[in-house]
Each structure stands twice: as structure tokens, then as C-alpha cells.
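**Q** Got a structure for you, entry-v3.csv, holding CSV, N, CA and C atoms.
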```
chain,number,residue,atom,x,y,z
A,276,MET,N,25.2,4.4,-10.6
A,276,MET,CA,24.0,4.9,-10.2
A,276,MET,C,22.8,4.3,-11.0
A,277,ALA,N,21.7,4.1,-10.3
A,277,ALA,CA,20.6,3.5,-10.9
A,277,ALA,C,20.0,4.4,-12.0
A,278,SER,N,19.5,3.8,-13.0
A,278,SER,CA,18.8,4.6,-14.1
A,278,SER,C,17.3,4.5,-13.9
A,279,LEU,N,16.7,5.7,-14.1
A,279,LEU,CA,15.2,5.8,-13.9
A,279,LEU,C,14.6,6.0,-15.2
A,280,SER,N,13.5,5.2,-15.4
A,280,SER,CA,12.7,5.3,-16.7
A,280,SER,C,11.3,5.6,-16.3
A,281,VAL,N,10.8,6.8,-16.7
A,281,VAL,CA,9.4,7.2,-16.4
A,281,VAL,C,8.6,6.9,-17.6
A,282,HIS,N,7.5,6.1,-17.4
A,282,HIS,CA,6.6,5.7,-18.4
A,282,HIS,C,5.2,6.4,-18.1
A,283,SER,N,4.2,6.3,-18.9
A,283,SER,CA,2.9,6.9,-18.7
A,283,SER,C,2.2,6.2,-17.5
A,284,ASP,N,2.5,5.0,-17.2
A,284,ASP,CA,1.8,4.3,-16.1
A,284,ASP,C,2.7,3.8,-15.0
A,285,ARG,N,4.1,3.9,-15.2
A,285,ARG,CA,5.0,3.3,-14.1
A,285,ARG,C,6.3,4.1,-14.2
A,286,LEU,N,7.0,3.9,-13.1
A,286,LEU,CA,8.4,4.3,-12.9
A,286,LEU,C,9.3,3.0,-12.7
A,287,GLU,N,10.3,2.9,-13.6
A,287,GLU,CA,11.2,1.7,-13.5
A,287,GLU,C,12.5,2.2,-13.0
A,288,ILE,N,13.0,1.5,-12.0
A,288,ILE,CA,14.3,1.8,-11.4
A,288,ILE,C,15.2,0.6,-11.8
A,289,HIS,N,16.2,0.8,-12.7
A,289,HIS,CA,17.1,-0.2,-13.1
A,289,HIS,C,18.4,0.0,-12.3
A,290,LEU,N,18.7,-1.0,-11.5
A,290,LEU,CA,19.9,-0.9,-10.7
A,290,LEU,C,21.1,-1.4,-11.5
A,291,THR,N,22.3,-0.8,-11.2
A,291,THR,CA,23.5,-1.3,-11.9
A,291,THR,C,23.9,-2.6,-11.3
A,292,ARG,N,24.8,-3.3,-11.9
A,292,ARG,CA,25.2,-4.6,-11.4
A,292,ARG,C,25.8,-4.5,-10.0
A,293,ALA,N,26.6,-3.5,-9.7
A,293,ALA,CA,27.1,-3.3,-8.4
A,293,ALA,C,26.0,-3.1,-7.4
A,294,GLU,N,25.0,-2.3,-7.7
A,294,GLU,CA,23.9,-2.0,-6.8
A,294,GLU,C,23.1,-3.3,-6.6
A,295,ARG,N,22.9,-4.0,-7.6
A,295,ARG,CA,22.1,-5.3,-7.4
A,295,ARG,C,22.9,-6.3,-6.5
A,296,THR,N,24.2,-6.3,-6.7
A,296,THR,CA,25.1,-7.1,-5.8
A,296,THR,C,25.0,-6.7,-4.4
A,297,LEU,N,25.2,-5.4,-4.1
A,297,LEU,CA,25.2,-4.9,-2.8
A,297,LEU,C,23.8,-5.0,-2.1
A,298,ALA,N,22.8,-4.8,-2.9
A,298,ALA,CA,21.4,-4.9,-2.4
A,298,ALA,C,20.9,-6.3,-2.3
A,299,LEU,N,21.6,-7.3,-2.9
A,299,LEU,CA,21.2,-8.7,-2.9
A,299,LEU,C,19.8,-8.8,-3.6
A,300,ARG,N,19.7,-8.1,-4.7
A,300,ARG,CA,18.4,-8.0,-5.4
A,300,ARG,C,18.7,-8.3,-6.9
A,301,ARG,N,17.8,-9.1,-7.5
A,301,ARG,CA,18.0,-9.5,-8.9
A,301,ARG,C,17.2,-8.7,-9.9
A,302,GLU,N,16.0,-8.2,-9.5
A,302,GLU,CA,15.1,-7.5,-10.4
A,302,GLU,C,15.2,-6.0,-10.3
A,303,SER,N,14.7,-5.4,-11.3
A,303,SER,CA,14.5,-3.9,-11.2
A,303,SER,C,13.3,-3.7,-10.3
A,304,ILE,N,13.2,-2.4,-9.9
A,304,ILE,CA,12.0,-2.0,-9.1
A,304,ILE,C,11.0,-1.3,-10.0
A,305,VAL,N,9.8,-1.7,-10.0
A,305,VAL,CA,8.8,-1.1,-10.9
A,305,VAL,C,7.7,-0.6,-9.9
A,306,VAL,N,7.4,0.7,-10.1
A,306,VAL,CA,6.4,1.4,-9.2
A,306,VAL,C,5.3,2.0,-10.1
A,307,GLN,N,4.1,1.7,-9.8
A,307,GLN,CA,3.0,2.3,-10.6
A,307,GLN,C,2.9,3.8,-10.2
A,308,ARG,N,2.7,4.6,-11.2
A,308,ARG,CA,2.7,6.1,-11.0
A,308,ARG,C,1.6,6.5,-10.1
A,309,ASP,N,0.5,5.8,-10.1
A,309,ASP,CA,-0.7,6.1,-9.2
A,309,ASP,C,-0.3,5.9,-7.8
A,310,ASN,N,0.7,5.1,-7.5
A,310,ASN,CA,1.0,4.7,-6.1
A,310,ASN,C,2.2,5.6,-5.6
A,311,ILE,N,2.6,6.6,-6.3
A,311,ILE,CA,3.6,7.5,-5.8
A,311,ILE,C,2.9,8.7,-5.1
A,312,ARG,N,3.2,8.8,-3.8
A,312,ARG,CA,2.5,9.8,-3.0
A,312,ARG,C,3.3,11.1,-3.0
A,313,SER,N,4.6,11.0,-2.9
A,313,SER,CA,5.4,12.3,-3.0
A,313,SER,C,6.8,11.9,-3.4
A,314,VAL,N,7.5,13.0,-3.9
A,314,VAL,CA,8.9,12.8,-4.3
A,314,VAL,C,9.6,14.1,-3.8
A,315,ILE,N,10.7,14.0,-3.1
A,315,ILE,CA,11.5,15.1,-2.7
A,315,ILE,C,12.9,14.9,-3.0
A,316,ILE,N,13.7,16.0,-3.0
A,316,ILE,CA,15.1,15.9,-3.2
A,316,ILE,C,15.8,16.2,-1.8
A,317,THR,N,16.8,15.5,-1.5
A,317,THR,CA,17.5,15.7,-0.2
A,317,THR,C,19.0,15.8,-0.4
A,318,GLU,N,19.6,16.7,0.3
A,318,GLU,CA,21.1,16.8,0.2
A,318,GLU,C,21.8,15.7,1.1
A,319,ASP,N,21.1,15.2,2.1
A,319,ASP,CA,21.6,14.2,3.0
A,319,ASP,C,20.7,13.0,3.1
A,320,PRO,N,20.9,12.1,2.2
A,320,PRO,CA,20.0,10.9,2.2
A,320,PRO,C,20.1,10.0,3.5
A,321,TRP,N,21.2,10.1,4.2
A,321,TRP,CA,21.4,9.3,5.4
A,321,TRP,C,20.4,9.5,6.5
A,322,ILE,N,19.9,10.7,6.6
A,322,ILE,CA,18.9,11.0,7.7
A,322,ILE,C,17.5,10.4,7.4
A,323,TRP,N,17.3,9.9,6.1
A,323,TRP,CA,16.1,9.3,5.8
A,323,TRP,C,16.0,7.8,6.1
A,324,LEU,N,17.1,7.2,6.4
A,324,LEU,CA,17.1,5.8,6.7
A,324,LEU,C,16.3,5.5,8.0
A,325,ARG,N,15.5,4.5,8.0
A,325,ARG,CA,14.7,4.2,9.2
A,325,ARG,C,14.7,2.7,9.3
A,326,GLY,N,14.6,2.2,10.5
A,326,GLY,CA,14.6,0.8,10.8
A,326,GLY,C,16.0,0.1,10.7
A,327,ILE,N,16.0,-1.2,10.4
A,327,ILE,CA,17.2,-1.9,10.4
A,327,ILE,C,17.4,-2.6,9.0
A,328,ARG,N,18.7,-2.8,8.7
A,328,ARG,CA,19.0,-3.4,7.4
A,328,ARG,C,18.5,-4.9,7.5
A,329,ALA,N,17.7,-5.3,6.5
A,329,ALA,CA,17.2,-6.6,6.5
A,329,ALA,C,17.9,-7.5,5.5
A,330,LEU,N,18.2,-6.9,4.3
A,330,LEU,CA,18.9,-7.6,3.2
A,330,LEU,C,19.6,-6.5,2.4
A,331,GLY,N,20.9,-6.7,2.4
A,331,GLY,CA,21.7,-5.7,1.6
A,331,GLY,C,23.1,-5.4,2.3
A,332,SER,N,23.6,-4.3,2.0
A,332,SER,CA,25.0,-3.9,2.5
A,332,SER,C,25.0,-2.5,3.0
A,333,ILE,N,25.9,-2.2,3.9
A,333,ILE,CA,26.1,-0.9,4.4
A,333,ILE,C,27.5,-0.7,4.9
A,334,ILE,N,28.1,0.4,4.4
A,334,ILE,CA,29.4,1.0,5.0
A,334,ILE,C,28.9,2.4,5.4
A,335,PRO,N,28.7,2.6,6.7
A,335,PRO,CA,28.2,3.9,7.2
A,335,PRO,C,28.8,5.1,6.5
A,336,LEU,N,28.0,6.0,6.0
A,336,LEU,CA,28.3,7.2,5.4
A,336,LEU,C,29.1,7.1,4.1
A,337,ILE,N,29.2,5.9,3.6
A,337,ILE,CA,29.9,5.6,2.3
A,337,ILE,C,28.9,5.1,1.3
A,338,VAL,N,28.3,3.9,1.6
A,338,VAL,CA,27.3,3.3,0.8
A,338,VAL,C,26.3,2.5,1.6
A,339,ALA,N,25.0,2.5,1.1
A,339,ALA,CA,24.0,1.7,1.7
A,339,ALA,C,23.1,1.2,0.5
A,340,ALA,N,22.9,-0.1,0.5
A,340,ALA,CA,22.0,-0.6,-0.6
A,340,ALA,C,21.3,-1.8,-0.1
A,341,GLY,N,20.0,-1.8,-0.3
A,341,GLY,CA,19.2,-3.0,0.1
A,341,GLY,C,17.9,-2.6,0.7
A,342,THR,N,17.3,-3.6,1.5
A,342,THR,CA,16.0,-3.4,2.1
A,342,THR,C,16.2,-3.1,3.6
A,343,TRP,N,15.5,-2.0,4.0
A,343,TRP,CA,15.5,-1.7,5.4
A,343,TRP,C,14.1,-1.9,5.9
A,344,LYS,N,14.0,-2.7,7.0
A,344,LYS,CA,12.6,-2.9,7.6
A,344,LYS,C,12.4,-2.0,8.8
A,345,PHE,N,11.2,-1.5,8.9
A,345,PHE,CA,10.8,-0.7,10.1
A,345,PHE,C,9.4,-1.2,10.5
A,346,HIS,N,8.9,-0.7,11.6
A,346,HIS,CA,7.7,-1.1,12.2
A,346,HIS,C,6.5,-1.1,11.2
A,347,GLY,N,6.4,-0.2,10.2
A,347,GLY,CA,5.3,-0.1,9.3
A,347,GLY,C,5.5,-0.7,8.0
A,348,GLY,N,6.7,-1.4,7.7
A,348,GLY,CA,6.9,-2.0,6.4
A,348,GLY,C,8.4,-2.0,6.1
A,349,LYS,N,8.7,-1.7,4.8
A,349,LYS,CA,10.1,-1.8,4.4
A,349,LYS,C,10.4,-0.7,3.3
A,350,ASP,N,11.6,-0.3,3.3
A,350,ASP,CA,12.1,0.7,2.4
A,350,ASP,C,13.2,0.1,1.5
A,351,PHE,N,13.4,0.6,0.3
A,351,PHE,CA,14.5,0.2,-0.5
A,351,PHE,C,15.5,1.4,-0.6
A,352,VAL,N,16.8,1.1,-0.4
A,352,VAL,CA,17.8,2.2,-0.3
A,352,VAL,C,18.9,1.9,-1.3
A,353,SER,N,19.4,2.9,-2.0
A,353,SER,CA,20.6,2.8,-2.8
A,353,SER,C,21.3,4.2,-2.8
A,354,ILE,N,22.1,4.4,-1.7
A,354,ILE,CA,22.7,5.8,-1.6
A,354,ILE,C,24.2,5.7,-1.5
A,355,LYS,N,24.8,6.7,-1.9
A,355,LYS,CA,26.3,6.8,-1.9
A,355,LYS,C,26.8,8.1,-1.3
A,356,ARG,N,27.6,8.0,-0.4
A,356,ARG,CA,28.3,9.2,0.3
A,356,ARG,C,27.2,10.3,0.6
A,357,HIS,N,27.6,11.5,0.5
A,357,HIS,CA,26.7,12.7,0.7
A,357,HIS,C,26.3,13.3,-0.6
A,358,ARG,N,25.8,12.5,-1.5
A,358,ARG,CA,25.4,13.1,-2.8
A,358,ARG,C,23.9,13.3,-2.7
A,359,PRO,N,23.4,14.2,-3.5
A,359,PRO,CA,21.9,14.5,-3.5
A,359,PRO,C,21.2,13.2,-3.9
A,360,ALA,N,20.0,13.0,-3.3
A,360,ALA,CA,19.2,11.8,-3.5
A,360,ALA,C,17.7,12.2,-3.7
A,361,VAL,N,17.0,11.3,-4.2
A,361,VAL,CA,15.5,11.5,-4.3
A,361,VAL,C,14.9,10.5,-3.4
A,362,VAL,N,13.9,11.0,-2.7
A,362,VAL,CA,13.1,10.2,-1.7
A,362,VAL,C,11.7,10.0,-2.3
A,363,ILE,N,11.3,8.8,-2.6
A,363,ILE,CA,10.0,8.6,-3.2
A,363,ILE,C,9.1,7.8,-2.2
A,364,ASP,N,8.0,8.5,-1.7
A,364,ASP,CA,7.1,7.9,-0.8
A,364,ASP,C,6.0,7.2,-1.6
A,365,LEU,N,5.7,5.9,-1.2
A,365,LEU,CA,4.8,5.1,-2.0
A,365,LEU,C,3.6,4.6,-1.1
A,366,VAL,N,2.5,4.2,-1.8
A,366,VAL,CA,1.4,3.5,-1.1
A,366,VAL,C,1.1,2.2,-2.0
A,367,ASP,N,0.7,1.2,-1.3
A,367,ASP,CA,0.3,-0.1,-2.0
A,367,ASP,C,1.4,-0.6,-2.9
A,368,GLU,N,2.6,-0.6,-2.5
A,368,GLU,CA,3.7,-1.1,-3.3
A,368,GLU,C,4.5,-2.1,-2.4
A,369,GLU,N,5.5,-2.7,-3.0
A,369,GLU,CA,6.4,-3.6,-2.2
A,369,GLU,C,7.2,-2.8,-1.1
A,370,PHE,N,7.5,-1.6,-1.4
A,370,PHE,CA,8.3,-0.7,-0.5
A,370,PHE,C,7.4,0.5,-0.1
A,371,ALA,N,7.6,1.0,1.1
A,371,ALA,CA,6.9,2.2,1.5
A,371,ALA,C,7.6,3.4,1.0
A,372,ARG,N,8.9,3.3,0.8
A,372,ARG,CA,9.8,4.4,0.4
A,372,ARG,C,11.0,3.9,-0.4
A,373,VAL,N,11.4,4.6,-1.4
A,373,VAL,CA,12.6,4.3,-2.1
A,373,VAL,C,13.5,5.5,-2.0
A,374,ILE,N,14.7,5.3,-1.6
A,374,ILE,CA,15.7,6.4,-1.5
A,374,ILE,C,16.9,6.1,-2.4
A,375,LEU,N,17.1,7.0,-3.4
A,375,LEU,CA,18.2,6.7,-4.4
A,375,LEU,C,19.0,7.9,-4.6
A,376,THR,N,20.3,7.7,-4.7
A,376,THR,CA,21.2,8.8,-5.1
A,376,THR,C,21.1,9.0,-6.6
A,377,SER,N,20.9,10.3,-7.0
A,377,SER,CA,20.6,10.5,-8.4
A,377,SER,C,21.1,12.0,-8.7
A,378,GLN,N,21.8,12.1,-9.8
A,378,GLN,CA,22.2,13.4,-10.3
A,378,GLN,C,21.0,14.0,-11.1
A,379,HIS,N,20.0,13.3,-11.4
A,379,HIS,CA,18.9,13.8,-12.2
A,379,HIS,C,17.6,13.8,-11.4
A,380,ALA,N,17.7,14.2,-10.2
A,380,ALA,CA,16.5,14.2,-9.3
A,380,ALA,C,15.5,15.2,-9.8
A,381,THR,N,15.9,16.4,-10.2
A,381,THR,CA,15.0,17.5,-10.6
A,381,THR,C,14.3,17.1,-11.9
A,382,ASP,N,15.1,16.4,-12.8
A,382,ASP,CA,14.4,15.9,-14.0
A,382,ASP,C,13.4,14.9,-13.8
A,383,LEU,N,13.6,14.0,-12.8
A,383,LEU,CA,12.7,13.0,-12.4
A,383,LEU,C,11.4,13.6,-11.9
A,384,ILE,N,11.5,14.6,-11.0
A,384,ILE,CA,10.3,15.3,-10.5
A,384,ILE,C,9.5,16.0,-11.6
A,385,ASP,N,10.3,16.6,-12.5
A,385,ASP,CA,9.6,17.3,-13.7
A,385,ASP,C,8.9,16.3,-14.6
A,386,SER,N,9.5,15.2,-14.8
A,386,SER,CA,8.9,14.2,-15.7
A,386,SER,C,7.7,13.4,-15.1
A,387,LEU,N,7.7,13.3,-13.8
A,387,LEU,CA,6.6,12.7,-13.1
A,387,LEU,C,5.3,13.6,-13.1
A,388,LYS,N,5.6,14.9,-13.1
A,388,LYS,CA,4.5,15.8,-13.1
A,388,LYS,C,3.4,15.5,-12.1
A,389,LEU,N,3.8,15.3,-10.8
A,389,LEU,CA,2.9,15.0,-9.8
A,389,LEU,C,2.0,16.2,-9.5
A,390,PRO,N,0.7,15.9,-9.3
A,390,PRO,CA,-0.2,17.1,-9.1
A,390,PRO,C,0.1,17.7,-7.7
A,391,VAL,N,0.0,19.0,-7.7
A,391,VAL,CA,0.2,19.8,-6.5
A,391,VAL,C,-1.1,19.7,-5.7
A,392,GLU,N,-0.9,19.3,-4.4
A,392,GLU,CA,-2.1,19.2,-3.6
A,392,GLU,C,-2.3,20.6,-2.9
A,393,GLN,N,-3.5,21.1,-2.9
A,393,GLN,CA,-3.8,22.4,-2.3
A,393,GLN,C,-4.5,22.1,-1.0
A,394,THR,N,-4.1,22.8,0.1
A,394,THR,CA,-4.8,22.6,1.3
A,394,THR,C,-6.0,23.5,1.4
A,395,PRO,N,-7.1,23.1,1.9
A,395,PRO,CA,-8.3,23.9,1.9
A,395,PRO,C,-8.0,25.2,2.8
A,396,ALA,N,-8.6,26.2,2.4
A,396,ALA,CA,-8.5,27.5,3.2
A,396,ALA,C,-9.0,27.3,4.6
A,397,GLU,N,-8.4,28.0,5.6
A,397,GLU,CA,-8.8,27.9,6.9
A,397,GLU,C,-10.1,28.6,7.1
A,398,PRO,N,-11.1,28.0,7.8
A,398,PRO,CA,-12.3,28.7,8.1
A,398,PRO,C,-12.1,30.0,8.9
A,399,SER,N,-12.8,31.0,8.5
A,399,SER,CA,-12.6,32.3,9.3
A,399,SER,C,-13.5,32.3,10.5
A,400,SER,N,-13.0,32.9,11.6
A,400,SER,CA,-13.8,32.9,12.8
A,400,SER,C,-14.7,34.0,12.9
```
Rewrite the structure from the file as C-alpha cells, please.
**A**
Amino acid sequence: MASLSVHSDRLEIHLTRAERTLALRRESIVVQRDNIRSVIITEDPWIWLRGIRALGSIIPLIVAAGTWKFHGGKDFVSIKRHRPAVVIDLVDEEFARVILTSQHATDLIDSLKLPVEQTPAEPSS
């Protein structure tokens, strides 16, 4: 499983050797914290895949790793079986979304301390 390092200005995703091999990727993924739009935990990461695999590997419902291209950009995926995963939506980054299987998803969300957006009150009629 990838290891996640949260810094004051960035999130670093360090892939294991197996994940780098399956994803056909050499470097870690570095995301600026200001470019993280949202982070959620999902019990079924497979429903979040969109588009087609552009570079990487997939054995359906077993493992998926690599880049998925869709009409609006590309996503990075590293998921295994039906384990809980974290879905990170991004803006102005290499990927529009990163989906990672992680046992520490709640810790990641706590450490990122993303501000809670409040919706304005509905105008009364």
C-alpha cells in the first residue's frame, strides 16, 4: 500500500515498488495542499473509476494501478480488491482525482484538516 506523507504545504504519495511497476510510474505523486478540493472515504473504490486505462495495469475487481483518462483529464488509481479507499479530488494538478486503497484514510482526513465549506442560508420567501 502507498504511504502518505502530509506536510504543511503538500501531500506526498509514495508508491511501493509493486505499485510503481503496475502503474508504470517512476516518481511519487506530490500534490499541493491548496489544490486539494475534497477528500472522501469509500468502501467500494471500483465505482469511482472513470474513463479508460491509459497507462498501467488492471485485473478487474482485484487490482488497478495507473492512469485513467477521461473526457475532462486524467485520474491516478491504485486500488486493491474491495478494501476501503480514499478519493482525493484536485484542481490545477497533474491528475483531477487520486484514488488509493488505504487503511489510514480517516487519519489522512484528520491530518489534512480541510476547511468545512458552509452553504449560504436559503433566502426566505
**Q** Counting only C-alpha atoms, what is within 6 Å of Arg372 (chain A), bar same-chain residues fewer than 2 positions away, as a ChimeraX atom specification?
**A** /A:350,363-365,370
**Q** State, in Å with one decimal place, the distance from CA of Arg358 (chain A) to CA of Ile315 (chain A).
**A**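 Spanning CA of Arg358 (chain A) to CA of Ile315 (chain A) is a straight-line distance of 14.0 Å.
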**Q** Which of these residues is nearest to Ala371 (chain A), using only C-alpha atoms: A:Ile334, A:Ile311, A:Ile316, A:Leu290?
**A**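 The shortest atom-to-atom distance to Ala371 (chain A) comes from A:Ile311.
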**Q** Got a sec: who's within 5 Å of Lys355 (chain A), counting all atoms listed in the file, leaving out chain neighbours fewer than 2 positions off, as a PyMOL selection string?
**A** chain A and resi 337-338+353+357-358
**Q** Could you list, as a ChimeraX atom specification, every residue within 8 Å of Thr296 (chain A), counting all atoms listed in the file and ignoring same-chain residues fewer than 5 positions away?
**A** /A:290-291,301,331-332,340
**Q** What is the atom C of Gly341 (chain A) to atom C of Ala298 (chain A) distance in Å?
**A**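 Here the two named atoms are 5.6 Å from each other.
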**Q** List the spatial neighbours of Asp309 (chain A) as a PyMOL selection string - criterion: any atom at most 8 Å away, all atoms listed in the file, same-chain residues fewer than 4 positions off excluded.
**A** chain A and resi 283-286+365-366
**Q** Between A:Arg325, A:Leu375, A:Val362, A:Leu299, which has the minimum distance to Ala277 (chain A) (counting only N, CA and C atoms)?
**A**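 Of A:Arg325, A:Leu375, A:Val362, A:Leu299, the one nearest Ala277 (chain A) is A:Leu375, counting only N, CA and C atoms.
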**Q** List the neighbours of Ala380 (chain A) out to 8 Å using all atoms listed in the file; skip same-chain residues closer than 2 positions along the sequence, and give me the result as an NGL selection string.
**A** :A and (315-317 or 359-362 or 376-378 or 382-386)
**Q** Taking (22.2, -1.2, -12.0) in the coordinates of the supplied file, I want to know which residues reach to within 9 Å of it, counting only C-alpha atoms; could you give the answer as a PyMOL selection string?
**A** chain A and resi 276-278+288-295+303
**Q** Go through A:Lys344, A:Glu302, A:Asp319, A:His379 and flag the residue nearest Arg356 (chain A), using all atoms listed in the file for the distances.
**A**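 Ranked by minimum distance to Arg356 (chain A), first place goes to A:Asp319.
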**Q** Taking the DSSP secondary structure from the backbone, can you list the residues of region 298-386 of chain A that are strand (DSSP E), as a VMD selection string?
**A** chain A and resid 304 to 307 311 to 317 327 to 334 338 to 345 348 to 355 360 to 365 372 to 376
**Q** Select, from A:Ile374, A:Leu297, A:Ala339, A:Val306, the residue with the minimum atom-to-atom distance to Trp323 (chain A), counting only N, CA and C atoms.
**A** A:Ile374
**Q** Give me, please, the distance in Å between atom C of Pro320 (chain A) and CA of Ile354 (chain A), quoted to one decimal.
**A**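 Computing it gives 7.1 Å between the two atoms.
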